[in-house]
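S.K.: Provided herewith is a single structure, encoded as structure tokens, for subsequent inquiry.
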Amino acid sequence: MAERGTGTARPPSAYGILDPLPQRRILSLLLTLRCTAECGECGTHSSPRVRTRLPEEEAARLIDEAAADHYDLIAFTGGEPMLYGSGLARLIRRVTGHGIPSRMVSNAFWARTPEKAARALGPLAEAGLGELNVSTGDEHARFVPVEQVLYAVRAGLDRGLRCAVMIETRAANRITGRTLSEHPLFRELLTPSEQESVTLCESPWMPLDEHEHFSYPEGTTVNADNLFRRGGCDSVIDTVTVLADGRIMACCGLGTQSIPELQVGQVPTDGVHESRRRAEADFLKRWIRDEGPERILAWAAARDPRIVWEDQYAHRCQACKRLYSDPLVGDVIRAHHEEKILDVLTSEWLMHHPIQPATQTPEAAAIDTPC
Amino acid sequence: MPDQVRPPLVLDSPEFTARAENFANLMSVSDFQQRFFRDPSGTAAAEFGLSLETTLLNRANQLTYALLADPAFNTWAEDFQNRVNAALPSDTGSVSELKASKDRFVEEFVTSIRAHLAPETVASLERLDPGLLVAEDDIAILLLVFIAVVVVVALGVARPDEALSRKTVQLVMRQLNDQQIAQILAARAALGG
């Protein structure tokens with residue numbers, strides 16, 4: 001499948017447009033919770049004072065296990081992975097040795113000048129790092145100026161890395177995808193073709209308390225009118241995340257710190273394979289993967305009008321946290337989830353398996369069957 | 001009940017795992033696939049032990065299957081992809097050139113679909129007015145208009161063929177409301193489908 005954010009035009013799709021979709025597996029390693037920044041509402045509770053780190057030998061074991069299970073990508077994140085030390089390059093080299101692409105998610109604190117950015121990134125690129133994903137936004141920029149983000153991107157492009165910038169979004173934010181793309185340095189450092197090749201992705205900044213609500217740009221929060229745009233969760237089950245303290249989680253989302261049900265294992269006892277198996281054995285996680293938490297909230301609200309969900313959530317992880325923490329929602333799910341089992345299994349099958357051509361008019365079959 | 005004494009919200013009963021495995025095994029048989037979509041409730045009750053009132057397959061899944069199993073739609077999709085690959089630059093050229101080519105292609109694509117539909121139908125689709133869908137051609141064409149207008153044009157993707165996938169089809173199916181589905185099926189029936 002063609003990758004996003006490459007510097008040149010992409011080749012024709014490797015898959016037919018109606019072919020079964022591959023289930024892309026990602027292992028995300030939060031190597032350290034230490035970070036140079038201390039953003040408000042940090043989804044991983046990282047800060048300069050936290051020293052929790054995943055032992056390098058454990059990270060290496062998990063990488064080997066993911067390779068054996070044919071994972072498609074290993075992501076290094078945190079906290080700030082650049083604070084992990086020389087072990088980061090060794091782990092990237094190990095991933096490269098398995099023939100798996102790698103990604104680093106960083107705040108670019110190390111890119112104080114173009115020269116420092118190039119020096120810091122060099123060893124990682126030589127180890128085979130494939131993608132640089134830089135986080136920024138009004139919160140991050142309190143600690144790392146946006147200019148450093150652009151130096152980091154420049155260094156990444158020079159090393160042939162795919163580059164993306166994730167921008168936290170709230171209403172009236174100073175830093176947005178637009179302001180970043182109009183930044184004089186963005187235009188000075190990058191050619192027009194490079195500017196278009198860098199993925200700028202705005203993502204709602206999420207309060208950790210599901211009862212707290214930030215202001216977002218109009219149309220960002222989910223409601224009955226725009227619910228149709230929400231698909232399944234790409235992260236749950238298919239991304240296995242290992243936190244710096246050794247907990248193995250069933251998604252990469254911001255709820256990993258606050259939704260106990262998402263924990264599916266613990267290092268060093270468990271590994272990637274068994275943790276994924278446990279996640280897949282849970283119908284609710286498969287339902288979230290298929291329909292997304294917003295649709296499940298809407299489904300639950302249709303059965304219990306005390307559940308109010310519209311125009312409250314912009315970030316889907318917050319909707320997911322609500323789903324797991326609200327007793328009313330939990331009660332509806334427990335009482336009525338069986339009516340969704342066949343739909344979810346069918347939907348999974350429709351997305352990922354070969355379908356034989358119908359021998360009778362399929363529309364007729366649809367009409368004939370009571371819905 | 002206080003939150004701390006509530007059991008974790010994990011639905012991992014052995015029965016679910018067994019049902020999921022059984023479903024996957026049975027659906028690997030092509031005859032079963034067709035039988036299942038012809039009579040999901042009866043098949044589910046007989047094979048999966050799910051009671052009738054809980055086994056109504058939603059419309060989105062049924063229509064998704066109808067489309068994906070439709071030989072004519074598959075032929076169209078293959079032709080569409082070939083045309084995309086021929087019309088858009090592949091491994092050469094800049095992203096700007098790609099975007100310009102994409103714009104030309106989408107314009108041509110939408111124009112060709114418009115040729116199959118009445119102007120008022122096109123206008124209603126472009127306004128995305130859920131109450132004004134008028135079907136006058138094959139169900140596949142109507143759904144493709146949705147895909148083209150809603151996903152390819154409205155969301156401004158880089159390559160139309162990358163925007164089209166089974167997920168897109170499913171997203172469109174889930175977007176259709178009961179009124180639209182009724183209109184599509186009625187129009188199809190009126191055409192003798």
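As shown in the structure tokens, the chain order sets the letters A, B, ...; within each chain, residues go from 1, and ligands are also counted from 1 in the order they appear.
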Just want the 9 Å neighbourhood of Arg159 of chain A, counted on only C-alpha atoms, with same-chain residues fewer than 5 positions away dropped. Output as a PDB file with N, CA and C atoms, in the first residue's frame.
M.R.:
ATOM      1  N   ALA A 118      20.938  17.776  12.455  1.00  0.00           N
ATOM      2  CA  ALA A 118      21.572  16.790  11.568  1.00  0.00           C
ATOM      3  C   ALA A 118      22.450  15.836  12.359  1.00  0.00           C
ATOM      4  N   LEU A 121      20.258  13.322  14.438  1.00  0.00           N
ATOM      5  CA  LEU A 121      19.487  12.365  13.648  1.00  0.00           C
ATOM      6  C   LEU A 121      20.370  11.387  12.876  1.00  0.00           C
ATOM      7  N   GLY A 122      21.615  11.807  12.640  1.00  0.00           N
ATOM      8  CA  GLY A 122      22.504  10.993  11.810  1.00  0.00           C
ATOM      9  C   GLY A 122      22.607   9.532  12.233  1.00  0.00           C
ATOM     10  N   ALA A 125      19.385   7.593  11.543  1.00  0.00           N
ATOM     11  CA  ALA A 125      19.170   7.342  10.117  1.00  0.00           C
ATOM     12  C   ALA A 125      20.110   6.242   9.631  1.00  0.00           C
ATOM     13  N   GLU A 126      21.343   6.273  10.108  1.00  0.00           N
ATOM     14  CA  GLU A 126      22.283   5.218   9.704  1.00  0.00           C
ATOM     15  C   GLU A 126      21.846   3.847  10.220  1.00  0.00           C
ATOM     16  N   ARG A 154      13.748  19.272   8.381  1.00  0.00           N
ATOM     17  CA  ARG A 154      14.773  19.471   7.347  1.00  0.00           C
ATOM     18  C   ARG A 154      15.843  18.369   7.444  1.00  0.00           C
TER      19      ARG A 154
END
S.K.: DSSP says alpha helix (DSSP H) for which residues of segment 148-349 of chain A? Put them as an MDAnalysis selection string?
M.R.: chainID A and resid 148:158 177:181 184:189 192:197 272:280 283:291 293:303 316:325 327:336 338:349
S.K.: Select, from A:His273, A:Arg247, A:Arg230, A:Arg25, the residue with the minimum atom-to-atom distance to chain B, counting only C-alpha atoms.
M.R.: A:Arg230
S.K.: Quick one: everything within 12 Å of Pro55 of chain A, counting only C-alpha atoms, minus sequence neighbours fewer than 4 positions away in the same chain. Send it as a list in words.
M.R.: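 Here the qualifying residues turn out to be Leu29, Leu30, Leu31, Thr32, Arg51, Ala59, Ala60, Arg61, Leu62, Tyr84, Gly85, Gly87, Leu88, Leu91, Val242, Leu243, Ala244, Asp245, Gly246, Val267 and Pro268 of chain A.
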S.K.: Give me the residues within 10 Å of Phe143 of chain A as a ChimeraX atom specification, counting only C-alpha atoms and dropping any in the same chain fewer than 3 places off.
M.R.: /A:36-39,107,109,136,138-140,146
S.K.: Between atom CA of Gln148 of chain A and atom CA of Ala117 of chain A, what distance in Å does the model show, to one decimal?
M.R.: 8.2 Å
S.K.: Could you give me, as a tab-separated table (two decimals) with N, CA and C atoms, in the first residue's frame, the residues within 7 Å of Arg289 of chain A, counting only C-alpha atoms and dropping anything in the same chain fewer than 5 positions from it?
M.R.:
chain	number	residue	atom	x	y	z
A	232	GLY	N	-13.99	2.78	12.23
A	232	GLY	CA	-13.45	2.00	13.32
A	232	GLY	C	-12.13	2.55	13.83
A	233	CYS	N	-11.73	2.09	15.00
A	233	CYS	CA	-10.46	2.52	15.59
A	233	CYS	C	-9.31	1.74	14.94
A	234	ASP	N	-8.36	2.47	14.37
A	234	ASP	CA	-7.23	1.82	13.69
A	234	ASP	C	-6.20	1.29	14.66
A	236	VAL	N	-6.73	0.01	18.21
A	236	VAL	CA	-6.97	-1.06	19.18
A	236	VAL	C	-6.73	-2.45	18.56
S.K.: I'd like the interatomic distance between atom CA of Gln34 of chain B and atom CA of Met351 of chain A, to a tenth of an Å.
M.R.: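 Calculated distance between atom CA of Gln34 of chain B and atom CA of Met351 of chain A is 16.2 Å.
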S.K.: Any idea what the distance is between atom CA of Pro114 of chain A and atom CA of Asn173 of chain A?
M.R.: 26.3 Å
S.K.: For chain B, which residue out of A:Glu194, A:Glu80, A:Asp282, A:Glu310 is the nearest one, using only C-alpha atoms?
M.R.: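 Using only C-alpha atoms, the shortest distance to chain B belongs to A:Asp282.
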S.K.: Quick one: everything within 7 Å of Arg166 of chain B, counting only C-alpha atoms, minus sequence neighbours fewer than 3 positions away in the same chain. Send it as a VMD selection string.
M.R.: (chain A and resid 18 351) or (chain B and resid 169 to 170)
S.K.: What lies within 6 Å of Glu131 of chain A using only C-alpha atoms, ignoring chain neighbours under 2 positions off, as a list in words?
M.R.: Arg103, Leu161, Arg162 and Cys163 of chain A
S.K.: Could you tell me which of A:Ile296, A:Leu345, A:Val95, A:Val332 comes closest to chain B if we count only C-alpha atoms?
M.R.: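 Among A:Ile296, A:Leu345, A:Val95, A:Val332, it is A:Leu345 that comes nearest to chain B.
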S.K.: With distances taken over only C-alpha atoms, which of A:Leu342, A:Leu129, A:His183, A:Ile355 is nearest to Glu47 of chain B?
M.R.: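 Of A:Leu342, A:Leu129, A:His183, A:Ile355, the one nearest Glu47 of chain B is A:Leu342, counting only C-alpha atoms.
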S.K.: Hey, which of B:Asn22, B:Ser30, B:Thr168, B:Asn82 ends up closest to chain A? Count only C-alpha atoms.
M.R.: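 Of the candidates, the smallest distance to chain A is held by B:Ser30.
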